[in-house]
$ cat model20.cif   # mmCIF, N, CA and C atoms
data_run
#
loop_
_atom_site.label_atom_id
_atom_site.label_comp_id
_atom_site.auth_asym_id
_atom_site.auth_seq_id
_atom_site.Cartn_x
_atom_site.Cartn_y
_atom_site.Cartn_z
N MET J 29 -83.94 113.08 37.25
CA MET J 29 -84.41 114.46 37.19
C MET J 29 -84.37 114.93 35.74
N SER J 30 -85.43 115.57 35.31
CA SER J 30 -85.51 116.04 33.93
C SER J 30 -84.55 117.21 33.70
N GLN J 31 -84.25 117.43 32.45
CA GLN J 31 -83.38 118.56 32.09
C GLN J 31 -84.03 119.89 32.44
N SER J 32 -85.35 119.97 32.28
CA SER J 32 -86.03 121.22 32.60
C SER J 32 -85.97 121.49 34.10
N THR J 33 -86.11 120.45 34.91
CA THR J 33 -86.02 120.62 36.36
C THR J 33 -84.63 121.10 36.76
N ARG J 34 -83.60 120.53 36.15
CA ARG J 34 -82.22 120.97 36.44
C ARG J 34 -82.03 122.43 36.05
N ALA J 35 -82.57 122.81 34.89
CA ALA J 35 -82.43 124.20 34.43
C ALA J 35 -83.14 125.17 35.38
N VAL J 36 -84.34 124.80 35.82
CA VAL J 36 -85.08 125.66 36.75
C VAL J 36 -84.31 125.78 38.06
N ARG J 37 -83.83 124.67 38.60
CA ARG J 37 -83.11 124.71 39.87
C ARG J 37 -81.83 125.55 39.78
N ALA J 38 -81.11 125.45 38.68
CA ALA J 38 -79.89 126.24 38.51
C ALA J 38 -80.23 127.73 38.52
N PHE J 39 -81.25 128.10 37.76
CA PHE J 39 -81.64 129.50 37.71
C PHE J 39 -82.16 129.97 39.07
N GLN J 40 -83.02 129.17 39.70
CA GLN J 40 -83.60 129.54 40.99
C GLN J 40 -82.53 129.76 42.05
N SER J 41 -81.46 128.98 42.02
CA SER J 41 -80.43 129.13 43.05
C SER J 41 -79.79 130.52 42.98
N HIS J 42 -79.68 131.06 41.78
CA HIS J 42 -79.13 132.42 41.62
C HIS J 42 -80.17 133.48 41.92
N ARG J 43 -81.37 133.34 41.34
CA ARG J 43 -82.40 134.36 41.52
C ARG J 43 -82.84 134.45 42.98
N ALA J 44 -82.96 133.32 43.66
CA ALA J 44 -83.39 133.33 45.06
C ALA J 44 -82.36 134.06 45.93
N ALA J 45 -81.08 133.85 45.65
CA ALA J 45 -80.04 134.57 46.39
C ALA J 45 -80.10 136.07 46.10
N LEU J 46 -80.38 136.41 44.84
CA LEU J 46 -80.51 137.82 44.47
C LEU J 46 -81.70 138.45 45.20
N ILE J 47 -82.81 137.74 45.27
CA ILE J 47 -83.98 138.25 45.98
C ILE J 47 -83.65 138.45 47.46
N ASP J 48 -82.91 137.52 48.04
CA ASP J 48 -82.49 137.67 49.44
C ASP J 48 -81.66 138.94 49.62
N LEU J 49 -80.76 139.20 48.68
CA LEU J 49 -79.96 140.42 48.77
C LEU J 49 -80.86 141.65 48.65
N TYR J 50 -81.74 141.66 47.67
CA TYR J 50 -82.61 142.83 47.47
C TYR J 50 -83.51 143.08 48.67
N ASP J 51 -83.85 142.03 49.40
CA ASP J 51 -84.64 142.21 50.62
C ASP J 51 -83.86 142.99 51.69
N GLN J 52 -82.54 143.00 51.60
CA GLN J 52 -81.71 143.71 52.56
C GLN J 52 -81.43 145.16 52.16
N LEU J 53 -81.67 145.51 50.91
CA LEU J 53 -81.30 146.83 50.41
C LEU J 53 -82.27 147.90 50.90
N PRO J 54 -81.75 148.98 51.45
CA PRO J 54 -82.61 150.10 51.86
C PRO J 54 -83.17 150.83 50.62
N GLU J 55 -84.42 151.22 50.71
CA GLU J 55 -85.08 151.92 49.60
C GLU J 55 -84.29 153.16 49.16
N GLU J 56 -83.63 153.83 50.12
CA GLU J 56 -82.91 155.05 49.74
C GLU J 56 -81.70 154.79 48.84
N HIS J 57 -81.32 153.52 48.68
CA HIS J 57 -80.20 153.18 47.78
C HIS J 57 -80.67 152.59 46.46
N ALA J 58 -81.95 152.71 46.17
CA ALA J 58 -82.52 152.13 44.95
C ALA J 58 -81.81 152.61 43.70
N ASN J 59 -81.39 153.86 43.68
CA ASN J 59 -80.75 154.44 42.48
C ASN J 59 -79.23 154.47 42.56
N PHE J 60 -78.66 153.76 43.53
CA PHE J 60 -77.21 153.70 43.63
C PHE J 60 -76.65 152.89 42.46
N ALA J 61 -75.62 153.43 41.82
CA ALA J 61 -74.88 152.73 40.76
C ALA J 61 -73.40 152.83 41.10
N ALA J 62 -72.65 151.80 40.78
CA ALA J 62 -71.24 151.73 41.15
C ALA J 62 -70.35 152.65 40.31
N TRP J 63 -70.81 153.03 39.15
CA TRP J 63 -70.02 153.90 38.29
C TRP J 63 -70.96 154.74 37.44
N ASP J 64 -70.46 155.86 36.93
CA ASP J 64 -71.27 156.71 36.06
C ASP J 64 -71.70 155.92 34.84
N GLY J 65 -72.99 155.92 34.58
CA GLY J 65 -73.51 155.18 33.44
C GLY J 65 -73.83 153.72 33.75
N GLY J 66 -73.48 153.27 34.95
CA GLY J 66 -73.78 151.90 35.33
C GLY J 66 -75.23 151.76 35.76
N MET J 67 -75.70 150.54 35.80
CA MET J 67 -77.08 150.30 36.22
C MET J 67 -77.19 150.43 37.73
N SER J 68 -78.25 151.06 38.17
CA SER J 68 -78.56 151.16 39.59
C SER J 68 -79.15 149.83 40.06
N PHE J 69 -79.32 149.69 41.37
CA PHE J 69 -79.98 148.49 41.89
C PHE J 69 -81.34 148.29 41.22
N MET J 70 -82.10 149.36 41.13
CA MET J 70 -83.44 149.25 40.56
C MET J 70 -83.37 148.89 39.08
N ARG J 71 -82.51 149.55 38.35
CA ARG J 71 -82.37 149.28 36.91
C ARG J 71 -81.85 147.87 36.67
N LEU J 72 -80.94 147.42 37.50
CA LEU J 72 -80.39 146.07 37.37
C LEU J 72 -81.49 145.02 37.59
N ALA J 73 -82.32 145.22 38.60
CA ALA J 73 -83.43 144.29 38.84
C ALA J 73 -84.39 144.29 37.65
N ASP J 74 -84.70 145.45 37.12
CA ASP J 74 -85.59 145.53 35.96
C ASP J 74 -84.98 144.84 34.75
N HIS J 75 -83.68 145.03 34.55
CA HIS J 75 -82.98 144.40 33.43
C HIS J 75 -83.05 142.87 33.53
N LEU J 76 -82.80 142.35 34.71
CA LEU J 76 -82.84 140.90 34.90
C LEU J 76 -84.26 140.37 34.75
N SER J 77 -85.23 141.09 35.26
CA SER J 77 -86.63 140.67 35.11
C SER J 77 -87.04 140.68 33.64
N ALA J 78 -86.67 141.72 32.92
CA ALA J 78 -87.02 141.83 31.50
C ALA J 78 -86.33 140.73 30.68
N SER J 79 -85.10 140.41 31.02
CA SER J 79 -84.38 139.37 30.29
C SER J 79 -85.08 138.02 30.41
N VAL J 80 -85.52 137.70 31.60
CA VAL J 80 -86.21 136.43 31.84
C VAL J 80 -87.59 136.44 31.17
N ASN J 81 -88.22 137.59 31.13
CA ASN J 81 -89.53 137.70 30.49
C ASN J 81 -89.47 137.45 28.98
N ARG J 82 -88.29 137.56 28.40
CA ARG J 82 -88.12 137.36 26.96
C ARG J 82 -88.13 135.88 26.57
N VAL J 83 -87.86 135.01 27.53
CA VAL J 83 -87.69 133.59 27.24
C VAL J 83 -88.93 132.94 26.63
N PRO J 84 -90.14 133.12 27.19
CA PRO J 84 -91.29 132.43 26.58
C PRO J 84 -91.49 132.75 25.10
N ALA J 85 -91.33 134.00 24.73
CA ALA J 85 -91.48 134.37 23.31
C ALA J 85 -90.40 133.68 22.47
N MET J 86 -89.18 133.66 22.96
CA MET J 86 -88.10 132.99 22.23
C MET J 86 -88.40 131.51 22.06
N LEU J 87 -88.94 130.89 23.10
CA LEU J 87 -89.28 129.47 23.02
C LEU J 87 -90.35 129.20 21.96
N ARG J 88 -91.22 130.19 21.74
CA ARG J 88 -92.26 130.06 20.71
C ARG J 88 -91.75 130.48 19.33
N GLY J 89 -90.50 130.92 19.24
CA GLY J 89 -89.95 131.37 17.97
C GLY J 89 -90.40 132.76 17.58
N GLU J 90 -90.87 133.53 18.56
CA GLU J 90 -91.37 134.89 18.32
C GLU J 90 -90.37 135.92 18.80
N LYS J 91 -90.51 137.12 18.27
CA LYS J 91 -89.69 138.23 18.74
C LYS J 91 -90.25 138.70 20.09
N PRO J 92 -89.41 138.78 21.10
CA PRO J 92 -89.89 139.22 22.42
C PRO J 92 -90.36 140.67 22.40
N ASP J 93 -91.31 140.96 23.28
CA ASP J 93 -91.79 142.33 23.46
C ASP J 93 -90.68 143.19 24.06
N ALA J 94 -90.79 144.48 23.87
CA ALA J 94 -89.87 145.42 24.50
C ALA J 94 -90.13 145.41 26.01
N PRO J 95 -89.11 145.70 26.80
CA PRO J 95 -89.32 145.76 28.26
C PRO J 95 -90.38 146.79 28.61
N GLY J 96 -91.07 146.55 29.71
CA GLY J 96 -92.10 147.49 30.17
C GLY J 96 -91.48 148.72 30.81
N ALA J 97 -92.34 149.52 31.38
CA ALA J 97 -91.89 150.74 32.07
C ALA J 97 -91.00 150.36 33.24
N PRO J 98 -90.02 151.20 33.55
CA PRO J 98 -89.14 150.89 34.69
C PRO J 98 -89.90 150.94 36.02
N SER J 99 -89.37 150.21 36.98
CA SER J 99 -89.95 150.22 38.33
C SER J 99 -89.84 151.62 38.91
N ALA J 100 -90.86 152.00 39.67
CA ALA J 100 -90.86 153.31 40.32
C ALA J 100 -90.18 153.26 41.69
N THR J 101 -90.14 152.07 42.28
CA THR J 101 -89.54 151.92 43.62
C THR J 101 -88.77 150.60 43.68
N LEU J 102 -87.93 150.50 44.67
CA LEU J 102 -87.21 149.26 44.89
C LEU J 102 -88.18 148.14 45.27
N THR J 103 -89.24 148.48 45.97
CA THR J 103 -90.26 147.49 46.32
C THR J 103 -90.88 146.90 45.06
N GLU J 104 -91.17 147.73 44.08
CA GLU J 104 -91.72 147.25 42.81
C GLU J 104 -90.70 146.38 42.07
N ALA J 105 -89.44 146.78 42.08
CA ALA J 105 -88.40 145.99 41.42
C ALA J 105 -88.25 144.62 42.08
N ARG J 106 -88.34 144.59 43.42
CA ARG J 106 -88.29 143.30 44.14
C ARG J 106 -89.43 142.39 43.71
N ALA J 107 -90.62 142.96 43.61
CA ALA J 107 -91.79 142.17 43.21
C ALA J 107 -91.62 141.61 41.81
N ARG J 108 -91.02 142.38 40.92
CA ARG J 108 -90.77 141.90 39.55
C ARG J 108 -89.77 140.75 39.56
N LEU J 109 -88.74 140.85 40.38
CA LEU J 109 -87.78 139.75 40.47
C LEU J 109 -88.49 138.45 40.85
N GLN J 110 -89.39 138.53 41.82
CA GLN J 110 -90.10 137.33 42.27
C GLN J 110 -91.09 136.84 41.21
N SER J 111 -91.86 137.75 40.63
CA SER J 111 -92.88 137.32 39.67
C SER J 111 -92.24 136.75 38.41
N THR J 112 -91.12 137.30 37.97
CA THR J 112 -90.48 136.76 36.77
C THR J 112 -89.79 135.43 37.08
N LEU J 113 -89.33 135.24 38.31
CA LEU J 113 -88.80 133.93 38.71
C LEU J 113 -89.92 132.90 38.63
N ASP J 114 -91.07 133.22 39.20
CA ASP J 114 -92.19 132.29 39.20
C ASP J 114 -92.64 131.95 37.77
N ALA J 115 -92.73 132.96 36.92
CA ALA J 115 -93.15 132.74 35.53
C ALA J 115 -92.12 131.90 34.78
N PHE J 116 -90.84 132.20 34.96
CA PHE J 116 -89.78 131.44 34.30
C PHE J 116 -89.82 129.98 34.74
N ALA J 117 -89.94 129.75 36.03
CA ALA J 117 -89.97 128.38 36.56
C ALA J 117 -91.16 127.62 35.97
N GLY J 118 -92.31 128.26 35.88
CA GLY J 118 -93.48 127.60 35.30
C GLY J 118 -93.29 127.27 33.83
N THR J 119 -92.74 128.20 33.08
CA THR J 119 -92.51 127.99 31.64
C THR J 119 -91.52 126.86 31.41
N VAL J 120 -90.39 126.92 32.09
CA VAL J 120 -89.32 125.94 31.85
C VAL J 120 -89.70 124.57 32.39
N SER J 121 -90.39 124.53 33.51
CA SER J 121 -90.81 123.24 34.08
C SER J 121 -91.71 122.46 33.13
N ALA J 122 -92.43 123.17 32.29
CA ALA J 122 -93.35 122.52 31.36
C ALA J 122 -92.65 121.92 30.14
N LEU J 123 -91.35 122.19 29.97
CA LEU J 123 -90.62 121.69 28.81
C LEU J 123 -90.24 120.22 28.99
N SER J 124 -90.39 119.46 27.93
CA SER J 124 -89.94 118.07 27.95
C SER J 124 -88.46 118.02 27.60
N ASP J 125 -87.85 116.87 27.81
CA ASP J 125 -86.44 116.71 27.42
C ASP J 125 -86.28 116.91 25.91
N GLU J 126 -87.30 116.53 25.16
CA GLU J 126 -87.27 116.76 23.71
C GLU J 126 -87.31 118.26 23.40
N ASP J 127 -88.16 119.00 24.12
CA ASP J 127 -88.23 120.46 23.94
C ASP J 127 -86.87 121.11 24.22
N ILE J 128 -86.18 120.63 25.23
CA ILE J 128 -84.89 121.22 25.64
C ILE J 128 -83.86 121.08 24.52
N GLN J 129 -83.98 120.06 23.69
CA GLN J 129 -83.02 119.83 22.60
C GLN J 129 -83.38 120.60 21.33
N ARG J 130 -84.60 121.07 21.25
CA ARG J 130 -85.08 121.78 20.05
C ARG J 130 -84.25 123.05 19.81
N ARG J 131 -84.02 123.36 18.54
CA ARG J 131 -83.28 124.58 18.18
C ARG J 131 -84.28 125.70 17.91
N ILE J 132 -83.95 126.89 18.41
CA ILE J 132 -84.82 128.04 18.26
C ILE J 132 -84.00 129.25 17.84
N PRO J 133 -84.63 130.24 17.19
CA PRO J 133 -83.92 131.49 16.90
C PRO J 133 -83.87 132.34 18.17
N ALA J 134 -82.71 132.86 18.47
CA ALA J 134 -82.55 133.71 19.67
C ALA J 134 -81.45 134.73 19.39
N PHE J 135 -81.55 135.87 20.04
CA PHE J 135 -80.49 136.89 19.98
C PHE J 135 -80.13 137.26 18.54
N GLY J 136 -81.05 137.94 17.91
CA GLY J 136 -80.78 138.44 16.56
C GLY J 136 -80.85 137.35 15.50
N GLY J 137 -81.59 136.29 15.77
CA GLY J 137 -81.74 135.22 14.78
C GLY J 137 -80.74 134.08 14.92
N ARG J 138 -79.75 134.24 15.79
CA ARG J 138 -78.79 133.16 16.01
C ARG J 138 -79.56 131.95 16.53
N GLU J 139 -79.40 130.83 15.88
CA GLU J 139 -80.12 129.64 16.29
C GLU J 139 -79.32 128.87 17.34
N MET J 140 -80.03 128.37 18.34
CA MET J 140 -79.38 127.61 19.40
C MET J 140 -80.38 126.64 20.02
N PRO J 141 -79.86 125.59 20.64
CA PRO J 141 -80.78 124.69 21.34
C PRO J 141 -81.35 125.40 22.58
N VAL J 142 -82.56 124.99 22.96
CA VAL J 142 -83.21 125.58 24.12
C VAL J 142 -82.33 125.47 25.36
N TRP J 143 -81.66 124.31 25.55
CA TRP J 143 -80.82 124.15 26.74
C TRP J 143 -79.74 125.22 26.79
N MET J 144 -79.23 125.62 25.63
CA MET J 144 -78.18 126.64 25.60
C MET J 144 -78.75 128.00 25.97
N LEU J 145 -79.96 128.30 25.52
CA LEU J 145 -80.61 129.55 25.90
C LEU J 145 -80.80 129.59 27.42
N LEU J 146 -81.24 128.49 28.00
CA LEU J 146 -81.47 128.43 29.44
C LEU J 146 -80.17 128.59 30.21
N GLU J 147 -79.10 127.99 29.72
CA GLU J 147 -77.79 128.18 30.36
C GLU J 147 -77.35 129.63 30.25
N PHE J 148 -77.57 130.23 29.08
CA PHE J 148 -77.20 131.63 28.88
C PHE J 148 -77.93 132.53 29.86
N ILE J 149 -79.23 132.31 30.03
CA ILE J 149 -80.02 133.13 30.95
C ILE J 149 -79.48 132.99 32.37
N THR J 150 -79.13 131.78 32.77
CA THR J 150 -78.58 131.56 34.12
C THR J 150 -77.22 132.23 34.27
N GLN J 151 -76.38 132.14 33.25
CA GLN J 151 -75.07 132.80 33.30
C GLN J 151 -75.23 134.32 33.32
N HIS J 152 -76.17 134.83 32.57
CA HIS J 152 -76.44 136.27 32.56
C HIS J 152 -76.87 136.73 33.95
N GLU J 153 -77.74 135.94 34.58
CA GLU J 153 -78.19 136.24 35.94
C GLU J 153 -77.00 136.29 36.90
N ALA J 154 -76.12 135.28 36.82
CA ALA J 154 -74.96 135.21 37.71
C ALA J 154 -74.01 136.38 37.48
N HIS J 155 -73.82 136.75 36.23
CA HIS J 155 -72.94 137.88 35.90
C HIS J 155 -73.44 139.17 36.57
N HIS J 156 -74.70 139.49 36.36
CA HIS J 156 -75.23 140.73 36.94
C HIS J 156 -75.40 140.63 38.45
N LYS J 157 -75.66 139.44 38.94
CA LYS J 157 -75.77 139.25 40.39
C LYS J 157 -74.44 139.61 41.05
N GLY J 158 -73.33 139.29 40.41
CA GLY J 158 -72.01 139.67 40.93
C GLY J 158 -71.88 141.18 41.05
N GLN J 159 -72.44 141.91 40.10
CA GLN J 159 -72.43 143.37 40.19
C GLN J 159 -73.23 143.83 41.40
N ALA J 160 -74.38 143.22 41.60
CA ALA J 160 -75.23 143.61 42.75
C ALA J 160 -74.51 143.31 44.06
N TRP J 161 -73.78 142.19 44.12
CA TRP J 161 -73.04 141.85 45.34
C TRP J 161 -71.98 142.92 45.64
N MET J 162 -71.25 143.33 44.61
CA MET J 162 -70.23 144.36 44.79
C MET J 162 -70.87 145.68 45.22
N MET J 163 -71.95 146.06 44.57
CA MET J 163 -72.62 147.32 44.89
C MET J 163 -73.15 147.29 46.32
N ALA J 164 -73.68 146.15 46.74
CA ALA J 164 -74.20 146.04 48.11
C ALA J 164 -73.08 146.31 49.11
N ARG J 165 -71.93 145.73 48.88
CA ARG J 165 -70.80 145.95 49.78
C ARG J 165 -70.39 147.43 49.80
N MET J 166 -70.52 148.09 48.65
CA MET J 166 -70.17 149.51 48.56
C MET J 166 -71.08 150.38 49.42
N ILE J 167 -72.32 149.94 49.68
CA ILE J 167 -73.23 150.73 50.52
C ILE J 167 -73.32 150.16 51.94
N GLY J 168 -72.46 149.19 52.25
CA GLY J 168 -72.41 148.66 53.61
C GLY J 168 -73.33 147.49 53.90
N VAL J 169 -73.88 146.85 52.86
CA VAL J 169 -74.74 145.68 53.04
C VAL J 169 -73.90 144.43 52.78
N THR J 170 -73.95 143.49 53.70
CA THR J 170 -73.25 142.21 53.52
C THR J 170 -74.17 141.25 52.80
N PRO J 171 -73.79 140.84 51.59
CA PRO J 171 -74.67 139.95 50.82
C PRO J 171 -74.75 138.55 51.43
N PRO J 172 -75.83 137.84 51.12
CA PRO J 172 -75.93 136.45 51.56
C PRO J 172 -75.01 135.58 50.71
N MET J 173 -75.04 134.26 50.93
CA MET J 173 -74.28 133.35 50.09
C MET J 173 -74.68 133.58 48.64
N PHE J 174 -73.75 133.39 47.72
CA PHE J 174 -73.98 133.75 46.33
C PHE J 174 -75.02 132.90 45.62
N VAL J 175 -75.37 131.75 46.17
CA VAL J 175 -76.48 130.94 45.67
C VAL J 175 -77.30 130.50 46.87
N LYS J 176 -78.56 130.23 46.61
CA LYS J 176 -79.42 129.72 47.67
C LYS J 176 -79.64 128.24 47.40
N MET J 177 -79.30 127.44 48.37
CA MET J 177 -79.42 125.99 48.19
C MET J 177 -80.60 125.47 48.98
N GLY J 178 -81.33 124.57 48.33
CA GLY J 178 -82.43 123.90 49.01
C GLY J 178 -83.67 124.64 49.13
#

$ encode --input "model20.cif" --output "C-alpha cells"
Amino acid sequence: MSQSTRAVRAFQSHRAALIDLYDQLPEEHANFAAWDGGMSFMRLADHLSASVNRVPAMLRGEKPDAPGAPSATLTEARARLQSTLDAFAGTVSALSDEDIQRRIPAFGGREMPVWMLLEFITQHEAHHKGQAWMMARMIGVTPPMFVKMG
C-alpha cells in the first residue's frame, strides 16, 4: 500500500466518523458551543473543512486562500465536510511516495515533509472531532465509534 493511500485512509477514518456524528445532530443545535467563545457545531465543521481545503495550495508551495463564507445551516456544513473529504482524498491519492517525502513550506513558512503535513491534518481532525463528541453528549446525542473502519 502506498504512503498516500495510508494517509488518505487514516484521514478518512476520522472524517467519516465525524460525518456520521453530524448526520445525527439536530439542526436546532447548529450553533451550540460547549463554552463561551468556543466553536459551535457549525463553526467547527467549517473550520475543519477550511483546514483541509488549505492542503492543495500548501502542496504547491502557495499561500492558501482565506476560508470562504461561513455555512448558513448545519446541512450546508455537513455538505462541506463531505466535499472537502472527497477533494482531500483525490489530492492526496495522486501523490507518489516521492511526493510524500518532499519538503514544503507550511504554517508560516515552517518547512516540513508532506507526510508530516498529512499527519498534522489528521491529528488536527482527531483533536477537534473529540470536541464534537463531547458537545454531542452535552445535547443528548450518542456519538458513533470514534473512527469508521472499512

$ residues_around --input "model20.cif" --residues "segment 81-89 of chain J" --least-positions-apart "3" --cutoff "6.5 Å" --atoms "only N, CA and C atoms" --output "VMD selection string"
chain J and resid 76 to 78 92 to 93 112 132 to 134

$ residues_around --input "model20.cif" --residues "segment 142-145 of chain J" --least-positions-apart "5" --cutoff "10 Å" --atoms "only C-alpha atoms" --output "count of residues only"
21

$ residues_around --input "model20.cif" --residues "Asp114 of chain J" --least-positions-apart "4" --cutoff "12 Å" --atoms "only C-alpha atoms" --output "MDAnalysis selection string"
chainID J and resid 36:37 39:40 43:44 77 80:81 107:110 118:121

$ atom_distance --input "model20.cif" --atom1 "atom C of Leu146 of chain J" --atom2 "atom C of Ala160 of chain J"
21.0 Å

$ select_by_dssp --input "model20.cif" --residues "chain J" --states "helix (DSSP H, G or I)" --output "ChimeraX atom specification"
/J:31-52,55-57,69-81,83-87,102-121,125-129,142-166

$ select_by_dssp --input "model20.cif" --residues "segment 41-140 of chain J" --states "strand (DSSP E or B)" --output "count of residues only"
7

$ decode --input "model20.cif" --residues "segment 55-100 of chain J" --atoms "C-alpha atoms" --output "mmCIF file, in the first residue's frame"
data_model
loop_
_atom_site.group_PDB
_atom_site.id
_atom_site.type_symbol
_atom_site.label_atom_id
_atom_site.label_comp_id
_atom_site.auth_asym_id
_atom_site.auth_seq_id
_atom_site.Cartn_x
_atom_site.Cartn_y
_atom_site.Cartn_z
ATOM 1 C CA GLU J 55 -30.456 21.475 13.008
ATOM 2 C CA GLU J 56 -31.643 23.417 16.072
ATOM 3 C CA HIS J 57 -28.283 22.677 17.763
ATOM 4 C CA ALA J 58 -26.180 24.013 14.878
ATOM 5 C CA ASN J 59 -24.987 26.977 16.962
ATOM 6 C CA PHE J 60 -24.433 25.065 20.196
ATOM 7 C CA ALA J 61 -20.975 25.649 21.702
ATOM 8 C CA ALA J 62 -19.653 23.977 24.845
ATOM 9 C CA TRP J 63 -18.250 27.179 26.319
ATOM 10 C CA ASP J 64 -18.414 30.930 25.763
ATOM 11 C CA GLY J 65 -16.184 31.755 22.826
ATOM 12 C CA GLY J 66 -15.945 28.114 21.767
ATOM 13 C CA MET J 67 -16.738 26.935 18.269
ATOM 14 C CA SER J 68 -20.280 25.808 17.592
ATOM 15 C CA PHE J 69 -21.038 22.607 15.701
ATOM 16 C CA MET J 70 -21.438 24.630 12.523
ATOM 17 C CA ARG J 71 -18.280 26.689 13.069
ATOM 18 C CA LEU J 72 -16.296 23.566 13.954
ATOM 19 C CA ALA J 73 -17.367 21.850 10.721
ATOM 20 C CA ASP J 74 -16.432 24.950 8.715
ATOM 21 C CA HIS J 75 -13.058 25.146 10.474
ATOM 22 C CA LEU J 76 -12.247 21.529 9.673
ATOM 23 C CA SER J 77 -13.406 21.909 6.076
ATOM 24 C CA ALA J 78 -11.330 25.073 5.609
ATOM 25 C CA SER J 79 -8.258 23.428 7.146
ATOM 26 C CA VAL J 80 -8.398 20.551 4.678
ATOM 27 C CA ASN J 81 -9.017 22.959 1.804
ATOM 28 C CA ARG J 82 -5.657 24.590 2.558
ATOM 29 C CA VAL J 83 -3.681 21.428 1.793
ATOM 30 C CA PRO J 84 -3.592 21.582 -2.048
ATOM 31 C CA ALA J 85 -2.153 25.109 -2.022
ATOM 32 C CA MET J 86 0.450 24.096 0.566
ATOM 33 C CA LEU J 87 1.419 21.106 -1.570
ATOM 34 C CA ARG J 88 2.014 23.507 -4.472
ATOM 35 C CA GLY J 89 4.119 25.774 -2.239
ATOM 36 C CA GLU J 90 1.498 28.531 -2.400
ATOM 37 C CA LYS J 91 -0.164 30.552 0.311
ATOM 38 C CA PRO J 92 -3.647 29.106 0.909
ATOM 39 C CA ASP J 93 -6.724 31.222 0.263
ATOM 40 C CA ALA J 94 -8.674 32.627 3.190
ATOM 41 C CA PRO J 95 -11.629 30.497 4.301
ATOM 42 C CA GLY J 96 -14.895 31.166 2.495
ATOM 43 C CA ALA J 97 -18.103 32.480 3.977
ATOM 44 C CA PRO J 98 -19.429 30.506 6.949
ATOM 45 C CA SER J 99 -22.139 27.915 6.442
ATOM 46 C CA ALA J 100 -25.665 29.250 6.834
#
